[in-house]
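Coordinates from run-v2.tsv are shown below (TSV, C-alpha atoms).
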chain	number	residue	atom	x	y	z
N	1	MET	CA	-105.16	20.87	-111.55
N	2	ASN	CA	-108.35	18.98	-110.72
N	3	LYS	CA	-106.11	16.04	-109.77
N	4	ASP	CA	-104.68	18.22	-106.99
N	5	PHE	CA	-108.17	18.86	-105.70
N	6	GLU	CA	-109.09	15.17	-105.98
N	7	LYS	CA	-106.04	14.30	-103.89
N	8	LEU	CA	-107.38	16.59	-101.19
N	9	GLY	CA	-110.84	15.02	-101.44
N	10	VAL	CA	-112.32	18.21	-102.83
N	11	GLN	CA	-115.36	18.22	-105.09
N	12	VAL	CA	-115.15	21.05	-107.61
N	13	LEU	CA	-118.38	22.48	-109.06
N	14	SER	CA	-118.50	25.23	-111.65
N	15	MET	CA	-121.51	27.42	-112.29
N	16	SER	CA	-122.49	30.09	-114.78
N	17	THR	CA	-125.67	31.46	-116.28
N	18	ASP	CA	-125.02	29.51	-119.49
N	19	SER	CA	-127.29	26.58	-120.19
N	20	ARG	CA	-126.17	22.98	-119.73
N	21	PHE	CA	-126.29	22.69	-123.52
N	22	VAL	CA	-123.72	25.44	-123.91
N	23	HIS	CA	-121.61	23.82	-121.18
N	24	LYS	CA	-121.60	20.60	-123.21
N	25	VAL	CA	-120.51	22.33	-126.39
N	26	TRP	CA	-117.90	24.45	-124.61
N	27	GLN	CA	-116.50	21.26	-123.10
N	28	ALA	CA	-116.33	19.59	-126.51
N	29	GLU	CA	-115.16	22.57	-128.54
N	30	GLU	CA	-112.67	24.18	-126.24
N	31	LEU	CA	-112.11	22.72	-122.78
N	32	ALA	CA	-111.35	19.24	-124.06
N	33	LYS	CA	-108.53	20.82	-126.07
N	34	MET	CA	-107.10	22.44	-122.94
N	35	VAL	CA	-107.65	19.60	-120.47
N	36	LYS	CA	-107.34	15.99	-121.58
N	37	GLY	CA	-110.79	14.41	-121.50
N	38	GLY	CA	-112.40	17.73	-120.63
N	39	VAL	CA	-113.14	19.00	-117.16
N	40	PRO	CA	-114.36	16.13	-114.98
N	41	PHE	CA	-116.48	18.11	-112.56
N	42	PRO	CA	-120.19	18.97	-112.91
N	43	MET	CA	-120.83	22.20	-114.82
N	44	LEU	CA	-123.92	23.76	-113.30
N	45	GLU	CA	-126.45	26.03	-114.91
N	46	ASP	CA	-127.62	29.10	-113.00
N	47	ALA	CA	-130.55	30.19	-115.14
N	48	GLY	CA	-131.64	33.67	-114.14
N	49	GLY	CA	-128.78	34.04	-111.68
N	50	GLN	CA	-130.94	32.90	-108.76
N	51	VAL	CA	-128.13	31.00	-107.11
N	52	GLY	CA	-125.53	33.67	-107.92
N	53	ALA	CA	-127.79	36.23	-106.26
N	54	VAL	CA	-127.76	34.47	-102.89
N	55	TYR	CA	-123.99	33.96	-103.20
N	56	GLY	CA	-123.49	37.67	-103.89
N	57	VAL	CA	-121.98	37.22	-107.35
N	58	TYR	CA	-124.90	37.96	-109.69
N	59	ASP	CA	-124.50	41.14	-111.73
N	60	GLU	CA	-128.05	42.20	-112.59
N	61	ALA	CA	-126.94	44.75	-115.17
N	62	ALA	CA	-124.94	42.20	-117.15
N	63	GLY	CA	-127.18	39.25	-116.36
N	64	VAL	CA	-124.24	37.01	-115.46
N	65	ASP	CA	-122.46	35.64	-112.41
N	66	ILE	CA	-119.10	37.31	-111.93
N	67	ARG	CA	-116.06	35.32	-110.83
N	68	GLY	CA	-116.50	34.11	-107.29
N	69	ARG	CA	-115.39	31.00	-105.49
N	70	PHE	CA	-116.42	29.50	-102.20
N	71	ILE	CA	-114.77	26.86	-100.03
N	72	ILE	CA	-117.37	24.79	-98.15
N	73	ASP	CA	-116.33	22.32	-95.47
N	74	PRO	CA	-117.72	18.81	-94.89
N	75	ASP	CA	-120.12	20.25	-92.28
N	76	PHE	CA	-121.53	22.45	-95.07
N	77	VAL	CA	-120.13	25.66	-93.57
N	78	VAL	CA	-118.75	28.30	-95.92
N	79	ARG	CA	-115.08	28.75	-94.97
N	80	ALA	CA	-113.83	31.20	-97.58
N	81	MET	CA	-115.00	33.30	-100.45
N	82	GLU	CA	-113.27	35.34	-103.11
N	83	VAL	CA	-115.13	37.53	-105.59
N	84	LEU	CA	-113.44	39.48	-108.39
N	85	THR	CA	-114.61	41.80	-111.11
N	86	PRO	CA	-114.20	40.05	-114.46
N	87	GLU	CA	-110.91	41.41	-115.78
N	88	VAL	CA	-108.61	39.42	-113.51
N	89	GLY	CA	-108.44	35.63	-113.41
N	90	ARG	CA	-108.00	33.54	-110.33
N	91	ASN	CA	-104.97	31.87	-108.84
N	92	PRO	CA	-105.74	28.19	-108.31
N	93	ASN	CA	-102.55	27.78	-106.29
N	94	GLU	CA	-103.88	30.18	-103.69
N	95	LEU	CA	-107.16	28.29	-103.65
N	96	LEU	CA	-105.28	25.02	-103.08
N	97	ARG	CA	-103.24	26.64	-100.33
N	98	GLN	CA	-106.39	27.79	-98.56
N	99	VAL	CA	-108.02	24.37	-98.83
N	100	LYS	CA	-104.88	22.74	-97.37
N	101	ALA	CA	-104.80	25.30	-94.56
N	102	PHE	CA	-108.48	24.79	-93.69
N	103	GLN	CA	-108.02	21.02	-93.77
N	104	HIS	CA	-104.97	21.33	-91.51
N	105	VAL	CA	-106.88	23.51	-89.06
N	106	ALA	CA	-109.85	21.11	-89.07
N	107	ALA	CA	-107.54	18.17	-88.38
N	108	THR	CA	-105.28	19.72	-85.73
N	109	GLY	CA	-107.02	22.69	-84.11
N	110	GLU	CA	-103.91	24.74	-84.81
N	111	VAL	CA	-104.19	28.00	-86.73
N	112	THR	CA	-102.12	29.00	-89.72
N	113	PRO	CA	-100.44	32.40	-89.96
N	114	SER	CA	-100.34	34.60	-93.03
N	115	GLY	CA	-98.82	32.92	-96.08
N	116	TRP	CA	-98.76	29.48	-94.42
N	117	GLU	CA	-97.80	26.54	-96.58
N	118	PRO	CA	-97.95	22.87	-95.54
N	119	GLY	CA	-95.00	22.13	-93.25
N	120	GLY	CA	-94.80	25.74	-92.14
N	121	THR	CA	-95.08	27.05	-88.60
N	122	THR	CA	-98.55	26.91	-87.11
N	123	LEU	CA	-99.78	28.71	-84.03
N	124	ASP	CA	-101.51	27.36	-80.95
N	125	PRO	CA	-103.79	30.20	-79.94
N	126	GLY	CA	-104.32	30.86	-76.25
N	127	PRO	CA	-103.46	33.26	-73.46
N	128	ASP	CA	-99.79	32.22	-73.47
N	129	LEU	CA	-99.37	33.26	-77.09
N	130	VAL	CA	-100.62	36.82	-76.64
N	131	GLY	CA	-97.78	39.20	-77.41
N	132	LYS	CA	-95.45	36.26	-78.10
N	133	VAL	CA	-96.24	35.51	-81.71
N	134	TRP	CA	-92.93	37.18	-82.66
N	135	GLU	CA	-91.06	34.50	-80.70
N	136	VAL	CA	-92.52	31.60	-82.65
N	137	TRP	CA	-93.28	33.04	-86.05
N	138	LYS	CA	-91.21	35.38	-88.17
N	139	PRO	CA	-92.62	36.19	-91.58
T	1	MET	CA	-125.54	4.66	-121.32
T	2	ALA	CA	-129.30	4.86	-121.85
T	3	LYS	CA	-130.29	7.61	-124.24
T	4	GLN	CA	-131.17	10.68	-122.25
T	5	LYS	CA	-134.12	12.94	-122.87
T	6	ASP	CA	-133.85	16.58	-122.03
T	7	GLY	CA	-136.36	19.16	-123.12
T	8	CYS	CA	-135.58	22.76	-124.00
T	9	VAL	CA	-136.92	24.08	-120.75
T	10	LYS	CA	-136.31	22.30	-117.50
T	11	PRO	CA	-137.02	24.05	-114.23
T	12	ALA	CA	-134.19	24.07	-111.75
T	13	GLY	CA	-134.74	24.07	-108.02
T	14	GLY	CA	-132.61	27.16	-107.47
T	15	PRO	CA	-131.77	28.23	-103.94
T	16	VAL	CA	-133.39	26.15	-101.24
T	17	LEU	CA	-134.79	28.68	-98.83
T	18	PRO	CA	-135.97	27.88	-95.32
T	19	ALA	CA	-139.63	26.85	-95.23
T	20	GLU	CA	-142.11	29.73	-95.09
T	21	GLY	CA	-142.73	30.69	-91.48
T	22	ALA	CA	-140.32	28.01	-90.33
T	23	ALA	CA	-139.19	29.81	-87.20
T	24	PRO	CA	-141.76	32.37	-86.10
T	25	VAL	CA	-140.39	34.50	-83.30
T	26	SER	CA	-142.99	34.37	-80.56
T	27	GLY	CA	-144.99	37.53	-80.23
T	28	HIS	CA	-143.14	39.41	-82.95
T	29	PRO	CA	-144.77	40.16	-86.28
T	30	ALA	CA	-142.91	39.00	-89.36
T	31	PRO	CA	-140.45	41.63	-90.58
T	32	ALA	CA	-141.99	43.86	-93.24
T	33	GLU	CA	-139.14	43.26	-95.63
T	34	GLU	CA	-137.96	39.77	-96.37
T	35	VAL	CA	-134.48	39.19	-95.00
T	36	LYS	CA	-132.24	38.57	-97.96
T	37	MET	CA	-130.49	35.23	-97.91
T	38	GLN	CA	-126.79	35.73	-98.40
T	39	ALA	CA	-123.87	33.35	-98.24
T	40	ARG	CA	-121.39	34.31	-95.52
T	41	VAL	CA	-118.23	32.75	-94.17
T	42	GLY	CA	-118.71	30.84	-90.96
T	43	ARG	CA	-122.36	30.19	-91.82
T	44	GLU	CA	-124.03	27.19	-93.34
T	45	ALA	CA	-123.89	27.20	-97.13
T	46	ILE	CA	-127.14	27.97	-98.93
T	47	ASP	CA	-128.29	24.82	-100.63
T	48	PHE	CA	-129.57	24.86	-104.19
T	49	GLU	CA	-130.50	22.56	-107.02
T	50	ALA	CA	-129.31	23.21	-110.55
T	51	ASN	CA	-129.29	21.44	-113.89
T	52	ALA	CA	-125.81	20.34	-114.83
T	53	TYR	CA	-123.71	18.88	-117.59
T	54	VAL	CA	-121.31	16.20	-116.41
T	55	GLU	CA	-118.75	14.71	-118.78
T	56	GLY	CA	-119.57	11.06	-119.41
T	57	LYS	CA	-122.94	11.30	-117.67
T	58	GLY	CA	-124.82	13.93	-119.64
T	59	PHE	CA	-127.45	16.20	-118.19
T	60	LEU	CA	-128.61	15.75	-114.63
T	61	PRO	CA	-129.80	17.83	-111.70
T	62	VAL	CA	-127.24	18.46	-108.97
T	63	LYS	CA	-127.86	19.65	-105.42
T	64	LEU	CA	-125.09	21.33	-103.50
T	65	SER	CA	-126.05	19.25	-100.48
T	66	ASP	CA	-125.40	16.06	-102.51
T	67	TYR	CA	-121.75	16.72	-101.63
T	68	LYS	CA	-122.25	17.29	-97.90
T	69	GLY	CA	-119.48	15.49	-96.05
T	70	LYS	CA	-116.86	16.47	-98.64
T	71	TRP	CA	-114.86	19.63	-99.07
T	72	ILE	CA	-116.48	21.60	-101.89
T	73	VAL	CA	-115.10	24.35	-104.08
T	74	LEU	CA	-117.93	26.19	-105.84
T	75	CYS	CA	-116.75	28.47	-108.67
T	76	PHE	CA	-118.89	31.02	-110.46
T	77	TYR	CA	-117.71	32.59	-113.72
T	78	PRO	CA	-119.24	35.00	-116.22
T	79	GLY	CA	-119.64	32.73	-119.19
T	80	ASP	CA	-118.59	29.80	-121.31
T	81	PHE	CA	-116.26	30.78	-124.15
T	82	THR	CA	-114.99	33.86	-122.31
T	83	PHE	CA	-111.39	34.75	-121.97
T	84	VAL	CA	-109.74	34.93	-118.59
As structure tokens - that is how I would like this structure written.
Amino acid sequence: MNKDFEKLGVQVLSMSTDSRFVHKVWQAEELAKMVKGGVPFPMLEDAGGQVGAVYGVYDEAAGVDIRGRFIIDPDFVVRAMEVLTPEVGRNPNELLRQVKAFQHVAATGEVTPSGWEPGGTTLDPGPDLVGKVWEVWKP
Amino acid sequence: MAKQKDGCVKPAGGPVLPAEGAAPVSGHPAPAEEVKMQARVGREAIDFEANAYVEGKGFLPVKLSDYKGKWIVLCFYPGDFTFV
């Protein structure tokens, strides 16, 4: 999976309130058995949840960061965020799709309609398109 | 790789907040309650420094802004050795 992100030039960073020491052991004991060579991206430590707090994912009652992910563009602007309560895991394919869509938009100035996949119809927003989306895009 | 030293307790930078009194609004007193910094879409990401473990490199501090100029995916999760 990380290969897909590398292909898109994306730097993945993971972060939890666990210490870097626990990250190292988790990598060795478990992750390396799931992913060959272990996960290649930096595993960050958010002691005290200070960073999670400003990203809106720190649960004070539990003392942990809940699942949240943020897409940040090369200009350092937050483009997307998704935050879930802990029971449901993420869908990396949707994350990849969003990264591809944001990269397409950044490169072309076009916008991508709901459910867009690479190669799909894009829209050129402007006065001429108002009320005419149905003509160019049918979900 | 040179043998790394890493003590039990190492302070991390945490969120990098704007400098105190960086942008005083002329004539207006500072707001009584500190405005809470909060990440939002369409706004600049809040920079931070954190201690990290990197496979093959060991322990090192990482700043989010080290990766400025690249697309970044930042993922938070509740804990190592959890289930989902």
Counting only C-alpha atoms, what are the residues of range 45-120 of chain N within 10 Å of range 46-51 of chain T, and for each of them which pair of atoms is the nearest and at what distance in Å, to one decimal? Sort the table by chain and rising number, as a tab-separated table.
residue	atom	partner	partner_atom	distance
N:Glu45	CA	T:Asn51	CA	5.5
N:Asp46	CA	T:Ala50	CA	6.6
N:Ala47	CA	T:Ala50	CA	8.4
N:Gln50	CA	T:Phe48	CA	9.3
N:Val51	CA	T:Phe48	CA	6.9
N:Val54	CA	T:Ile46	CA	7.6
N:Tyr55	CA	T:Ile46	CA	8.0
N:Phe76	CA	T:Ile46	CA	8.8
N:Val77	CA	T:Ile46	CA	9.1
N:Val78	CA	T:Ile46	CA	8.9
Under the rule of at most 8 Å, produce a per-residue listing of chain N near chain T: chain, number, name, the closest pair of atoms, and the distance in Å, as a tab-separated table, using all atoms listed in the file.
residue	atom	partner	partner_atom	distance
N:Gly9	CA	T:Trp71	CA	6.6
N:Val10	CA	T:Trp71	CA	4.8
N:Gln11	CA	T:Ile72	CA	4.8
N:Val12	CA	T:Val73	CA	4.8
N:Leu13	CA	T:Leu74	CA	4.9
N:Ser14	CA	T:Cys75	CA	4.7
N:Met15	CA	T:Phe76	CA	4.8
N:Ser16	CA	T:Tyr77	CA	5.5
N:Thr17	CA	T:Gly79	CA	6.8
N:Asp18	CA	T:Gly79	CA	6.3
N:Arg20	CA	T:Tyr53	CA	5.2
N:Phe21	CA	T:Tyr53	CA	7.5
N:Val22	CA	T:Asp80	CA	7.2
N:His23	CA	T:Tyr53	CA	6.5
N:Lys24	CA	T:Tyr53	CA	6.2
N:Trp26	CA	T:Asp80	CA	6.3
N:Glu30	CA	T:Phe81	CA	7.8
N:Gly38	CA	T:Glu55	CA	7.3
N:Val39	CA	T:Glu55	CA	7.2
N:Pro40	CA	T:Glu55	CA	6.0
N:Phe41	CA	T:Val54	CA	6.5
N:Pro42	CA	T:Val54	CA	4.6
N:Met43	CA	T:Tyr53	CA	5.2
N:Leu44	CA	T:Ala52	CA	4.2
N:Glu45	CA	T:Asn51	CA	5.5
N:Asp46	CA	T:Ala50	CA	6.6
N:Ala47	CA	T:Ala12	CA	7.9
N:Gln50	CA	T:Gly14	CA	6.1
N:Val51	CA	T:Pro15	CA	5.6
N:Gly52	CA	T:Phe76	CA	7.6
N:Ala53	CA	T:Gln38	CA	7.9
N:Val54	CA	T:Gln38	CA	4.8
N:Tyr55	CA	T:Ala39	CA	5.0
N:Gly56	CA	T:Gln38	CA	6.7
N:Val57	CA	T:Phe76	CA	7.6
N:Val64	CA	T:Pro78	CA	5.4
N:Asp65	CA	T:Pro78	CA	5.0
N:Ile66	CA	T:Pro78	CA	4.9
N:Arg67	CA	T:Tyr77	CA	4.3
N:Gly68	CA	T:Phe76	CA	5.0
N:Arg69	CA	T:Cys75	CA	4.3
N:Phe70	CA	T:Leu74	CA	5.1
N:Ile71	CA	T:Val73	CA	4.8
N:Ile72	CA	T:Ile72	CA	5.0
N:Asp73	CA	T:Trp71	CA	4.7
N:Pro74	CA	T:Gly69	CA	3.9
N:Asp75	CA	T:Gly69	CA	6.1
N:Phe76	CA	T:Glu44	CA	5.6
N:Val77	CA	T:Glu44	CA	4.2
N:Val78	CA	T:Val41	CA	4.8
N:Arg79	CA	T:Val41	CA	5.2
N:Ala80	CA	T:Val41	CA	5.8
N:Met81	CA	T:Val41	CA	7.1
N:Pro86	CA	T:Pro78	CA	7.3
N:Glu87	CA	T:Val84	CA	7.2
N:Val88	CA	T:Val84	CA	6.9
N:Gly89	CA	T:Val84	CA	5.4
Emit the selected residues as a CSV table (one decimal), in the coordinates of the input, including C-alpha atoms.
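Here's the written file out25.csv:
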chain,number,residue,atom,x,y,z
N,9,GLY,CA,-110.8,15.0,-101.4
N,10,VAL,CA,-112.3,18.2,-102.8
N,11,GLN,CA,-115.4,18.2,-105.1
N,12,VAL,CA,-115.2,21.0,-107.6
N,13,LEU,CA,-118.4,22.5,-109.1
N,14,SER,CA,-118.5,25.2,-111.6
N,15,MET,CA,-121.5,27.4,-112.3
N,16,SER,CA,-122.5,30.1,-114.8
N,17,THR,CA,-125.7,31.5,-116.3
N,18,ASP,CA,-125.0,29.5,-119.5
N,20,ARG,CA,-126.2,23.0,-119.7
N,21,PHE,CA,-126.3,22.7,-123.5
N,22,VAL,CA,-123.7,25.4,-123.9
N,23,HIS,CA,-121.6,23.8,-121.2
N,24,LYS,CA,-121.6,20.6,-123.2
N,26,TRP,CA,-117.9,24.4,-124.6
N,30,GLU,CA,-112.7,24.2,-126.2
N,38,GLY,CA,-112.4,17.7,-120.6
N,39,VAL,CA,-113.1,19.0,-117.2
N,40,PRO,CA,-114.4,16.1,-115.0
N,41,PHE,CA,-116.5,18.1,-112.6
N,42,PRO,CA,-120.2,19.0,-112.9
N,43,MET,CA,-120.8,22.2,-114.8
N,44,LEU,CA,-123.9,23.8,-113.3
N,45,GLU,CA,-126.4,26.0,-114.9
N,46,ASP,CA,-127.6,29.1,-113.0
N,47,ALA,CA,-130.6,30.2,-115.1
N,50,GLN,CA,-130.9,32.9,-108.8
N,51,VAL,CA,-128.1,31.0,-107.1
N,52,GLY,CA,-125.5,33.7,-107.9
N,53,ALA,CA,-127.8,36.2,-106.3
N,54,VAL,CA,-127.8,34.5,-102.9
N,55,TYR,CA,-124.0,34.0,-103.2
N,56,GLY,CA,-123.5,37.7,-103.9
N,57,VAL,CA,-122.0,37.2,-107.4
N,64,VAL,CA,-124.2,37.0,-115.5
N,65,ASP,CA,-122.5,35.6,-112.4
N,66,ILE,CA,-119.1,37.3,-111.9
N,67,ARG,CA,-116.1,35.3,-110.8
N,68,GLY,CA,-116.5,34.1,-107.3
N,69,ARG,CA,-115.4,31.0,-105.5
N,70,PHE,CA,-116.4,29.5,-102.2
N,71,ILE,CA,-114.8,26.9,-100.0
N,72,ILE,CA,-117.4,24.8,-98.2
N,73,ASP,CA,-116.3,22.3,-95.5
N,74,PRO,CA,-117.7,18.8,-94.9
N,75,ASP,CA,-120.1,20.2,-92.3
N,76,PHE,CA,-121.5,22.4,-95.1
N,77,VAL,CA,-120.1,25.7,-93.6
N,78,VAL,CA,-118.8,28.3,-95.9
N,79,ARG,CA,-115.1,28.8,-95.0
N,80,ALA,CA,-113.8,31.2,-97.6
N,81,MET,CA,-115.0,33.3,-100.4
N,86,PRO,CA,-114.2,40.0,-114.5
N,87,GLU,CA,-110.9,41.4,-115.8
N,88,VAL,CA,-108.6,39.4,-113.5
N,89,GLY,CA,-108.4,35.6,-113.4
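CA of Leu95 in chain N is found 14.1 Å from CA of Ser114 in chain N.
Here CA of Val83 in chain N stands at a distance of 15.9 Å from CA of Ala62 in chain N.
The spacing separating CA of Ala101 in chain N from CA of Trp137 in chain N amounts to 16.3 Å.
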Taking 5 positions as the minimum chain separation for residues in the same chain, which residues sit within 10 Å of Asp124 in chain N when counting only C-alpha atoms? Answer as JSON, numbers by chain. {"N": [108, 109, 110, 111, 112, 129, 133]}
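At a cut-off of 8 Å from (-99.1, 23.9, -94.9), the residue set is N:Arg97, N:Lys100, N:Ala101, N:His104, N:Thr112, N:Trp116, N:Glu117, N:Pro118, N:Gly119, N:Gly120 (counting only C-alpha atoms).
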